[in-house]
Every structure is written in C-alpha cells, then in structure tokens.
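Participant: The structure under discussion is supplied below as structure tokens; questions concerning it will follow.
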Amino acid sequence: MIESILSALIEPALLLDAGGRVTIANPAAQDRLGVWVIGRSYVSVLRQPALLGPVEDAYAKGVTGTARFTHTTGEVDTIFRVTVSPLAGVDGRRHVLLVFRDLSEAYAGESMRRDFVANVSHELKTPLTAVSGFIETLQGPARSDAAARERFLGLMAKEVTRMNRLVGDLLSLSRLEGQSRKRPTERLDLSALVGEALSTLRPGAEAMGVTLEAEVPPEAIAPGDRDQLTQVLTNLVENGIKYGAHPGSVRVAITAVAREPVIKGPAWRITVTDAGGGIPPEHVPRLTERFYRVDTGRSREQGGTGLGLAIVKHIVNRHRGRLRIESTVGQGTEISVTLPAEAGRRSG
Ligand SMILES: Nc1ncnc2c1ncn2[C@@H]1O[C@H](COP(=O)(O)OP(=O)(O)OP(=O)(O)O)[C@@H](O)[C@H]1O
Ligand SMILES: [Mg+2]
C-alpha cells in the first residue's frame, strides 16, 4: 500500500525501516538519487549532517523536521528541501519517511530576477548620472554660456531618449511574456511589411553609408502581429546597420520553405544579412539573453540597450517560429526568422 502511494509521488521519497535502512525508494528517488540507495543505511545515503539530525530526532523523539540536502551529480548541484516524518510501521516500530522537494528551479528563478533588477538599475543609472552631471554644470559653471548650454541640452536629450527606449523595451518584454500563449491571428503580407520597415529605416541607414536591399516575393501571407513583426524586422535591420560594414549594405530576403520540420508545415523564412565584423561563436548562444551585448561600449554608444534580440526571440516564440543566428567573424552575420505560413491547428 505505502509503496504504491510513494510511487504516485512526483517528489523523490525514501522510506526508512526501524533499523535505519532504505526499504522503499520511489521511482523519482531512484531516478534522482540512484537505485543503489535501496537497502543502504540512511547514514551512508544521506551523509550530510544537516539532514542526519532531523532523521535521528524523528527516530528518537517522533518529531517531524525539515533540512536542506544538496545532491551532486557530475557538475550539477541539486538543492532539495527534505521533510522528515516519523511513521508507525507495520511492525509497530517507528519508521521514517523522507520526501525531497527540488528547490533548484526556485533558486534559478530567484537569481535570474536578481540579475535582471541589477541590470535594469545599472542601465538606468548610467544615463541618470550623466543627466545629473549636466544639470549641475548648467546650474554652475555653464550658467551663462549659451554655447555650452546648447551642447549640454543636446546631450541630455540623448540620454533621456535612451532611458525612454529602455523603459519602452522593458514594457514590451513584460507584455510579451504575458501573451506568450496567445497566438496572433491577423493575416499579414510579410513582403509588404518588409517594404514598410525598410522605407522607415532607409534615411537613417543612408546617413551611415548603408544601403538597404529587399529580395521578397510579390506576396508572402502569414498569420502574425503587425506591430510585433515590424519590431522584429526593425531590430534585425538596425543591428545590421549598426554592427555591419560602413559603407555597406543590409539585405532582407523572404523565401518559401515547403515544410519546416519543427513547424511541421509550410513556412516563410525572413533572412537579414550584413557583411560586418560578425560575432565570435562563443557569444552567439547568449545574444538573446536580456542585456547581453558583445561590445557593451559600442552598443551603448549607438543608443542600444541589449534588449533587442531578447524581444525578437519572445516575438518569434509567440508566433511559433524559429530564430537562427549564423555569423562568421570577418565576413558577416545572417539572422533568419522562420514563421509558420498557416495558422496552427488546435494545439496552438
Ligand atoms: N548583425 C550583427 N553583427 C554583429 N553583432 C551583432 C549583430 N546583431 C547583434 N549583434 C550583437 O548582439 C548584441 C545584442 O543585440 P541586441 O539587438 O539584443 O542589442 P543592441 O542592438 O545592442 O541594443 P538594442 O537592440 O536594444 O538597440 C549587440 O550588442 C551586438 O553585440
Ligand atoms: Mg539591436
């Protein structure tokens, strides 16, 4: 009876008999701790003093306790909170039940949140410090210097624009997280969308010596969210402009994919290519992390926040699409977004 109850538990659980041996290790415990624990004494299984105390108390005093237990396999540490409870055994003697709850995920979430807050604060602090510096100068030494005032106001406007962008990007990220399960349904022409995005970006690109080229079919219809896909195109093309070659060109192409294996159906692939310095391979897997930048100084100088690709990734996920980044140092970068061409069936 107790064996089948323990098998039904998702958490690893061990039952110790009156002699302190493991009589039952449920499947989760066998999975996480190993099959070898069955029949062993709890002292050799648990080893950590923090946990041995509560087990001894459960046997001696019949009290329930909890303890933290770190289990190491290879390079990975798993942290468990273990509940230790005395039980009356069928033999009339005291048995002890240990139930393990995995805390690692909660910890990982916690530390991600901490990093995120630290990053946001830092990103805001830099422009704020700059702006307060300018205000001080304007109140003091530059008070009656018209030329300096003009220059400082310009610099302040730039910093404020950056803070505004940062806050805007953070808001879009949190909105996206909220709707990640809701698939967009509007039918869009991706070719037209590319055309519109490129005309908006062209003046800025040309000012930097970059020409924008499109190679798209007359029509590429797919379900999508217009504003969000425009945001994707804008960030990818802006990245190509910022980090590509000067002078140079950024090319946006749309090709049809008859059957994308992961999407399991027809798809459109939008590819943005530049011939810039490229991205060293060790950075590529991390580019979609929030605030991750290869060269923070260079990105900041261009008003970047390092949130662009994190937003792109979220939007692509919401569209059930795929994002691929391919880059060769010294040759350039090709980023492709593959989107389902048809609205998904039920599962979406
Ligand atoms: N086409 C590219 N060529 C070289 N490096 C790139 C390219 N696209 C992105 N990167 C690198 O990836 C980093 C992250 O890009 P992302 O778009 O997330 O941020 P950003 O462009 O710096 O800031 P934001 O998009 O918020 O303006 C960039 O800082 C840059 O180092
Ligand atoms: Mg960007």
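Identifiers for the structure tokens are assigned positionally: chains receive A, B, ... in sequence, residues are indexed from 1 per chain, and ligands are indexed from 1 in the order shown.
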Please extract the residues at most 8 Å from ligand 1, counting only C-alpha atoms and all ligand atoms, and provide them as a count of residues only, using the chain letters and residue numbers of this document.

Facilitator: 48

Participant: Please list as a PyMOL selection string every residue within 8 Å of region 263-268 of chain A, counting only C-alpha atoms and excluding residues in the same chain fewer than 3 positions away.

Facilitator: chain A and resi 220+222+254-260+320-321+338-342

Participant: Selected residues, N, CA and C atoms, written as a short mmCIF file (atom, residue, chain, number, x, y, z; two decimals), in the first residue's frame, please.

Facilitator:
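That gives us part-v7.cif:
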```cif
data_model
loop_
_atom_site.label_atom_id
_atom_site.label_comp_id
_atom_site.auth_asym_id
_atom_site.auth_seq_id
_atom_site.Cartn_x
_atom_site.Cartn_y
_atom_site.Cartn_z
N ALA A 220 3.69 37.41 -49.42
CA ALA A 220 4.05 36.32 -48.51
C ALA A 220 3.10 36.39 -47.32
N ALA A 222 1.07 35.36 -44.05
CA ALA A 222 1.21 34.53 -42.85
C ALA A 222 0.43 35.17 -41.72
N ILE A 254 13.03 37.15 -48.34
CA ILE A 254 12.00 36.22 -47.87
C ILE A 254 11.98 35.04 -48.82
N THR A 255 12.08 33.84 -48.27
CA THR A 255 11.98 32.66 -49.13
C THR A 255 10.92 31.73 -48.56
N ALA A 256 10.32 30.94 -49.46
CA ALA A 256 9.29 30.00 -49.02
C ALA A 256 9.97 28.69 -48.62
N VAL A 257 9.52 28.11 -47.52
CA VAL A 257 10.02 26.80 -47.11
C VAL A 257 8.81 25.86 -47.18
N ALA A 258 8.92 24.81 -48.02
CA ALA A 258 7.76 23.95 -48.26
C ALA A 258 7.31 23.27 -46.97
N ARG A 259 8.27 22.77 -46.22
CA ARG A 259 7.90 22.13 -44.97
C ARG A 259 9.03 22.29 -43.98
N GLU A 260 8.77 23.06 -42.94
CA GLU A 260 9.78 23.27 -41.92
C GLU A 260 9.56 22.17 -40.90
N ARG A 320 5.24 31.01 -32.81
CA ARG A 320 5.63 29.61 -33.00
C ARG A 320 6.64 29.46 -34.12
N GLY A 321 7.52 30.46 -34.23
CA GLY A 321 8.53 30.43 -35.29
C GLY A 321 9.89 30.04 -34.74
N THR A 338 12.02 32.14 -39.09
CA THR A 338 11.13 31.31 -39.90
C THR A 338 9.77 31.28 -39.23
N LEU A 339 8.76 31.67 -39.97
CA LEU A 339 7.41 31.79 -39.39
C LEU A 339 6.45 30.84 -40.10
N PRO A 340 5.57 30.20 -39.36
CA PRO A 340 4.57 29.34 -40.00
C PRO A 340 3.73 30.16 -40.98
N ALA A 341 3.47 29.58 -42.15
CA ALA A 341 2.70 30.30 -43.16
C ALA A 341 1.21 30.11 -42.96
N GLU A 342 0.87 29.14 -42.11
CA GLU A 342 -0.55 28.87 -41.88
C GLU A 342 -0.84 28.92 -40.39
#
```

Participant: So, with only C-alpha atoms as the atoms that count, which of A:Ser121, A:Thr83, A:Thr126, A:Thr78 lies closest to Leu51 (chain A)?

Facilitator: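 Going through A:Ser121, A:Thr83, A:Thr126, A:Thr78 one by one, the smallest distance to Leu51 (chain A) is for A:Thr83.
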
Participant: Fewer than 6 positions away in the same chain doesn't count, so skip those; otherwise give me all residues within 12 Å of Asn164 (chain A), counting only C-alpha atoms, as a list in words.

Facilitator: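 The contact residues come out as Glu123, Leu124, Pro127, Leu128, Ala157, Lys158, Leu170, Leu171, Gly303, Gly304 and Thr305 of chain A.
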
Participant: Selection from above, all heavy atoms, as an mmCIF file, in the first residue's frame, can you write it?

Facilitator:
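Here's the written file result.cif:
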```
data_model
loop_
_atom_site.group_PDB
_atom_site.id
_atom_site.type_symbol
_atom_site.label_atom_id
_atom_site.label_comp_id
_atom_site.auth_asym_id
_atom_site.auth_seq_id
_atom_site.Cartn_x
_atom_site.Cartn_y
_atom_site.Cartn_z
ATOM 1 N N GLU A 123 21.583 49.961 -16.022
ATOM 2 C CA GLU A 123 21.327 50.623 -17.301
ATOM 3 C C GLU A 123 20.672 51.991 -17.120
ATOM 4 O O GLU A 123 20.878 52.885 -17.915
ATOM 5 C CB GLU A 123 20.433 49.760 -18.194
ATOM 6 C CG GLU A 123 21.081 48.493 -18.700
ATOM 7 C CD GLU A 123 22.287 48.755 -19.605
ATOM 8 O OE1 GLU A 123 22.283 49.784 -20.315
ATOM 9 O OE2 GLU A 123 23.222 47.953 -19.585
ATOM 10 N N LEU A 124 19.851 52.111 -16.087
ATOM 11 C CA LEU A 124 19.193 53.398 -15.857
ATOM 12 C C LEU A 124 20.131 54.365 -15.141
ATOM 13 O O LEU A 124 20.063 55.568 -15.343
ATOM 14 C CB LEU A 124 17.930 53.209 -15.012
ATOM 15 C CG LEU A 124 16.714 52.685 -15.763
ATOM 16 C CD1 LEU A 124 15.600 52.339 -14.778
ATOM 17 C CD2 LEU A 124 16.214 53.716 -16.773
ATOM 18 N N PRO A 127 22.673 56.675 -17.584
ATOM 19 C CA PRO A 127 22.166 57.942 -18.130
ATOM 20 C C PRO A 127 21.712 58.927 -17.052
ATOM 21 O O PRO A 127 21.879 60.137 -17.214
ATOM 22 C CB PRO A 127 20.981 57.522 -19.002
ATOM 23 C CG PRO A 127 20.684 56.120 -18.673
ATOM 24 C CD PRO A 127 21.897 55.528 -18.050
ATOM 25 N N LEU A 128 21.187 58.409 -15.937
ATOM 26 C CA LEU A 128 20.751 59.321 -14.880
ATOM 27 C C LEU A 128 21.927 60.088 -14.304
ATOM 28 O O LEU A 128 21.841 61.300 -14.054
ATOM 29 C CB LEU A 128 20.064 58.544 -13.754
ATOM 30 C CG LEU A 128 18.586 58.271 -13.949
ATOM 31 C CD1 LEU A 128 18.051 57.361 -12.844
ATOM 32 C CD2 LEU A 128 17.810 59.595 -13.969
ATOM 33 N N ALA A 157 19.231 65.397 -23.898
ATOM 34 C CA ALA A 157 18.133 64.842 -24.683
ATOM 35 C C ALA A 157 18.494 63.424 -25.127
ATOM 36 O O ALA A 157 17.658 62.509 -25.100
ATOM 37 C CB ALA A 157 17.862 65.730 -25.897
ATOM 38 N N LYS A 158 19.753 63.221 -25.490
ATOM 39 C CA LYS A 158 20.181 61.902 -25.958
ATOM 40 C C LYS A 158 20.054 60.860 -24.838
ATOM 41 O O LYS A 158 19.563 59.749 -25.054
ATOM 42 C CB LYS A 158 21.634 62.001 -26.428
ATOM 43 C CG LYS A 158 22.004 60.929 -27.418
ATOM 44 C CD LYS A 158 23.395 61.158 -27.989
ATOM 45 C CE LYS A 158 24.153 59.850 -27.974
ATOM 46 N NZ LYS A 158 25.590 59.992 -27.876
ATOM 47 N N LEU A 170 11.469 47.410 -21.922
ATOM 48 C CA LEU A 170 11.112 46.578 -20.766
ATOM 49 C C LEU A 170 9.614 46.324 -20.750
ATOM 50 O O LEU A 170 9.164 45.215 -20.476
ATOM 51 C CB LEU A 170 11.538 47.258 -19.467
ATOM 52 C CG LEU A 170 13.041 47.245 -19.213
ATOM 53 C CD1 LEU A 170 13.381 48.135 -18.031
ATOM 54 C CD2 LEU A 170 13.528 45.829 -18.970
ATOM 55 N N LEU A 171 8.851 47.379 -21.068
ATOM 56 C CA LEU A 171 7.393 47.203 -21.097
ATOM 57 C C LEU A 171 7.015 46.218 -22.181
ATOM 58 O O LEU A 171 6.168 45.347 -21.966
ATOM 59 C CB LEU A 171 6.698 48.549 -21.325
ATOM 60 C CG LEU A 171 6.682 49.474 -20.112
ATOM 61 C CD1 LEU A 171 6.115 50.830 -20.496
ATOM 62 C CD2 LEU A 171 5.857 48.849 -18.991
ATOM 63 N N GLY A 303 23.122 53.922 -28.654
ATOM 64 C CA GLY A 303 21.819 54.026 -28.008
ATOM 65 C C GLY A 303 21.178 52.684 -27.744
ATOM 66 O O GLY A 303 19.989 52.591 -27.460
ATOM 67 N N GLY A 304 21.947 51.594 -27.847
ATOM 68 C CA GLY A 304 21.374 50.255 -27.676
ATOM 69 C C GLY A 304 21.203 49.876 -26.210
ATOM 70 O O GLY A 304 21.906 50.375 -25.344
ATOM 71 N N THR A 305 20.246 49.008 -25.955
ATOM 72 C CA THR A 305 20.032 48.562 -24.582
ATOM 73 C C THR A 305 20.365 47.074 -24.436
ATOM 74 O O THR A 305 20.401 46.561 -23.334
ATOM 75 C CB THR A 305 18.555 48.737 -24.172
ATOM 76 O OG1 THR A 305 17.759 47.948 -25.052
ATOM 77 C CG2 THR A 305 18.130 50.174 -24.263
#
```

Participant: If you run DSSP on this backbone, which residues of region 5-105 of chain A come out as alpha helix (DSSP H), and could you give them as a PyMOL selection string?

Facilitator: chain A and resi 5-8+27-33+42-46+49-61+104-105

Participant: With N, CA, C and O atoms retained, write the just-selected residues as a short mmCIF file (atom, residue, chain, number, x, y, z; two decimals), in the first residue's frame.

Facilitator:
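Written out: again_9.cif:
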```cif
data_model
loop_
_atom_site.label_atom_id
_atom_site.label_comp_id
_atom_site.auth_asym_id
_atom_site.auth_seq_id
_atom_site.Cartn_x
_atom_site.Cartn_y
_atom_site.Cartn_z
N ILE A 5 1.52 4.29 -2.84
CA ILE A 5 1.33 5.72 -2.57
C ILE A 5 2.61 6.48 -2.91
O ILE A 5 2.58 7.50 -3.60
N LEU A 6 3.74 5.95 -2.48
CA LEU A 6 5.01 6.65 -2.74
C LEU A 6 5.33 6.70 -4.23
O LEU A 6 5.88 7.68 -4.72
N SER A 7 4.94 5.62 -4.98
CA SER A 7 5.21 5.65 -6.43
C SER A 7 4.45 6.75 -7.10
O SER A 7 4.87 7.26 -8.14
N ALA A 8 3.29 7.11 -6.53
CA ALA A 8 2.47 8.13 -7.16
C ALA A 8 3.03 9.54 -6.93
O ALA A 8 2.64 10.49 -7.60
N PRO A 27 10.11 5.71 -7.59
CA PRO A 27 10.79 5.88 -8.88
C PRO A 27 11.52 7.22 -8.99
O PRO A 27 12.64 7.28 -9.52
N ALA A 28 10.91 8.30 -8.47
CA ALA A 28 11.58 9.60 -8.56
C ALA A 28 12.90 9.58 -7.78
O ALA A 28 13.90 10.14 -8.22
N ALA A 29 12.91 8.91 -6.63
CA ALA A 29 14.13 8.85 -5.83
C ALA A 29 15.18 7.99 -6.54
O ALA A 29 16.37 8.31 -6.54
N GLN A 30 14.73 6.90 -7.16
CA GLN A 30 15.68 6.05 -7.89
C GLN A 30 16.31 6.83 -9.04
O GLN A 30 17.49 6.70 -9.33
N ASP A 31 15.47 7.66 -9.65
CA ASP A 31 15.91 8.49 -10.75
C ASP A 31 16.93 9.52 -10.33
O ASP A 31 17.96 9.69 -10.96
N ARG A 32 16.61 10.22 -9.24
CA ARG A 32 17.43 11.37 -8.85
C ARG A 32 18.61 10.98 -7.99
O ARG A 32 19.68 11.56 -8.09
N LEU A 33 18.42 9.98 -7.10
CA LEU A 33 19.49 9.64 -6.15
C LEU A 33 20.22 8.36 -6.57
O LEU A 33 21.34 8.11 -6.16
N TYR A 42 20.62 4.87 6.12
CA TYR A 42 20.43 6.28 5.75
C TYR A 42 21.71 7.09 5.94
O TYR A 42 21.97 8.06 5.25
N VAL A 43 22.55 6.65 6.88
CA VAL A 43 23.79 7.40 7.14
C VAL A 43 24.66 7.40 5.88
O VAL A 43 25.23 8.42 5.50
N SER A 44 24.72 6.25 5.18
CA SER A 44 25.59 6.22 4.00
C SER A 44 24.89 6.84 2.79
O SER A 44 25.55 7.28 1.86
N VAL A 45 23.58 6.92 2.82
CA VAL A 45 22.88 7.53 1.69
C VAL A 45 22.89 9.05 1.79
O VAL A 45 23.14 9.75 0.81
N LEU A 46 22.64 9.55 2.99
CA LEU A 46 22.43 10.99 3.13
C LEU A 46 23.72 11.74 3.44
O LEU A 46 23.94 12.84 2.96
N PRO A 49 25.39 16.12 7.56
CA PRO A 49 25.00 16.25 8.96
C PRO A 49 23.69 17.02 9.13
O PRO A 49 22.88 16.69 9.98
N ALA A 50 23.49 18.02 8.27
CA ALA A 50 22.28 18.84 8.41
C ALA A 50 21.03 17.98 8.33
O ALA A 50 20.00 18.29 8.92
N LEU A 51 21.12 16.89 7.57
CA LEU A 51 19.95 16.04 7.38
C LEU A 51 19.91 14.90 8.41
O LEU A 51 18.84 14.41 8.78
N LEU A 52 21.10 14.49 8.88
CA LEU A 52 21.14 13.37 9.81
C LEU A 52 20.44 13.72 11.12
O LEU A 52 19.73 12.90 11.70
N GLY A 53 20.61 14.97 11.59
CA GLY A 53 19.99 15.42 12.85
C GLY A 53 18.49 15.18 12.85
O GLY A 53 17.96 14.45 13.71
N PRO A 54 17.77 15.75 11.87
CA PRO A 54 16.32 15.57 11.83
C PRO A 54 15.90 14.09 11.75
O PRO A 54 14.87 13.70 12.32
N VAL A 55 16.70 13.25 11.05
CA VAL A 55 16.34 11.83 10.96
C VAL A 55 16.48 11.19 12.35
O VAL A 55 15.59 10.44 12.81
N GLU A 56 17.58 11.51 13.04
CA GLU A 56 17.76 10.96 14.38
C GLU A 56 16.62 11.41 15.31
O GLU A 56 16.09 10.62 16.09
N ASP A 57 16.23 12.69 15.18
CA ASP A 57 15.13 13.21 16.02
C ASP A 57 13.82 12.49 15.71
O ASP A 57 13.02 12.22 16.61
N ALA A 58 13.61 12.19 14.43
CA ALA A 58 12.36 11.51 14.05
C ALA A 58 12.32 10.13 14.71
O ALA A 58 11.29 9.71 15.26
N TYR A 59 13.45 9.43 14.68
CA TYR A 59 13.51 8.11 15.32
C TYR A 59 13.37 8.21 16.83
O TYR A 59 12.57 7.52 17.45
N ALA A 60 14.17 9.12 17.43
CA ALA A 60 14.26 9.15 18.88
C ALA A 60 13.05 9.80 19.53
O ALA A 60 12.52 9.32 20.52
N LYS A 61 12.59 10.93 18.94
CA LYS A 61 11.54 11.70 19.62
C LYS A 61 10.22 11.67 18.88
O LYS A 61 9.23 12.25 19.35
N SER A 104 15.98 23.83 -6.71
CA SER A 104 16.91 24.48 -7.66
C SER A 104 16.20 25.43 -8.61
O SER A 104 16.69 26.51 -8.88
N GLU A 105 15.03 25.00 -9.10
CA GLU A 105 14.35 25.86 -10.06
C GLU A 105 13.93 27.18 -9.44
O GLU A 105 14.10 28.24 -10.02
#
```

Participant: Based on DSSP run over this structure's backbone, return all residues of region 163-240 of chain A in strand (DSSP E), as a list in words.

Facilitator: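 Filtering region 163-240 of chain A to strand (DSSP E) leaves Arg187, Leu188, Asp189, Val210, Thr211, Leu212, Glu213, Ala214, Glu215, Ile221, Ala222 and Pro223 of chain A.
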
Participant: Please write the residues from the selection above to a file, keeping C-alpha atoms, as an mmCIF file, in the first residue's frame.

Facilitator:
```cif
data_model
loop_
_atom_site.group_PDB
_atom_site.id
_atom_site.type_symbol
_atom_site.label_atom_id
_atom_site.label_comp_id
_atom_site.auth_asym_id
_atom_site.auth_seq_id
_atom_site.Cartn_x
_atom_site.Cartn_y
_atom_site.Cartn_z
ATOM 1 C CA ARG A 187 -3.238 37.705 -41.807
ATOM 2 C CA LEU A 188 -0.265 39.768 -42.902
ATOM 3 C CA ASP A 189 1.711 40.205 -46.075
ATOM 4 C CA VAL A 210 24.413 51.729 -45.537
ATOM 5 C CA THR A 211 22.056 50.761 -48.347
ATOM 6 C CA LEU A 212 19.072 48.540 -47.605
ATOM 7 C CA GLU A 213 18.037 45.913 -50.117
ATOM 8 C CA ALA A 214 14.955 43.712 -50.242
ATOM 9 C CA GLU A 215 14.530 40.492 -52.164
ATOM 10 C CA ILE A 221 0.943 35.775 -46.427
ATOM 11 C CA ALA A 222 1.210 34.525 -42.852
ATOM 12 C CA PRO A 223 -0.657 34.969 -39.587
#
```

Participant: Using only C-alpha atoms and all ligand atoms, pick whichever of A:Ala245, A:Met208, A:Leu233, A:Leu87 has the shortest atom-to-atom distance to ligand 2.

Facilitator: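 So, comparing all the options, the nearest one is A:Leu233.
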
Participant: Nearest to ligand 2: which of A:Ala142, A:Leu98, A:Ile79, A:Val232 is it, counting only C-alpha atoms and all ligand atoms?

Facilitator: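 With only C-alpha atoms and all ligand atoms as the atom set, the closest residue is A:Val232.
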
Participant: Pick out the residues sitting within 9 Å of Asp225 (chain A), and hand them over as a tab-separated table (two decimals) with C-alpha atoms, in the first residue's frame; count only C-alpha atoms, and ignore anything fewer than 6 positions along from it in its own chain.

Facilitator:
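Result file result-v2.tsv:
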```
chain	number	residue	atom	x	y	z
A	183	ARG	CA	-1.08	33.07	-30.99
A	184	PRO	CA	-1.54	36.01	-33.34
A	185	THR	CA	-4.26	35.54	-35.95
A	186	GLU	CA	-4.18	38.61	-38.21
A	187	ARG	CA	-3.24	37.70	-41.81
A	188	LEU	CA	-0.26	39.77	-42.90
A	315	ILE	CA	8.01	37.58	-30.50
A	319	HIS	CA	4.45	33.21	-33.44
```
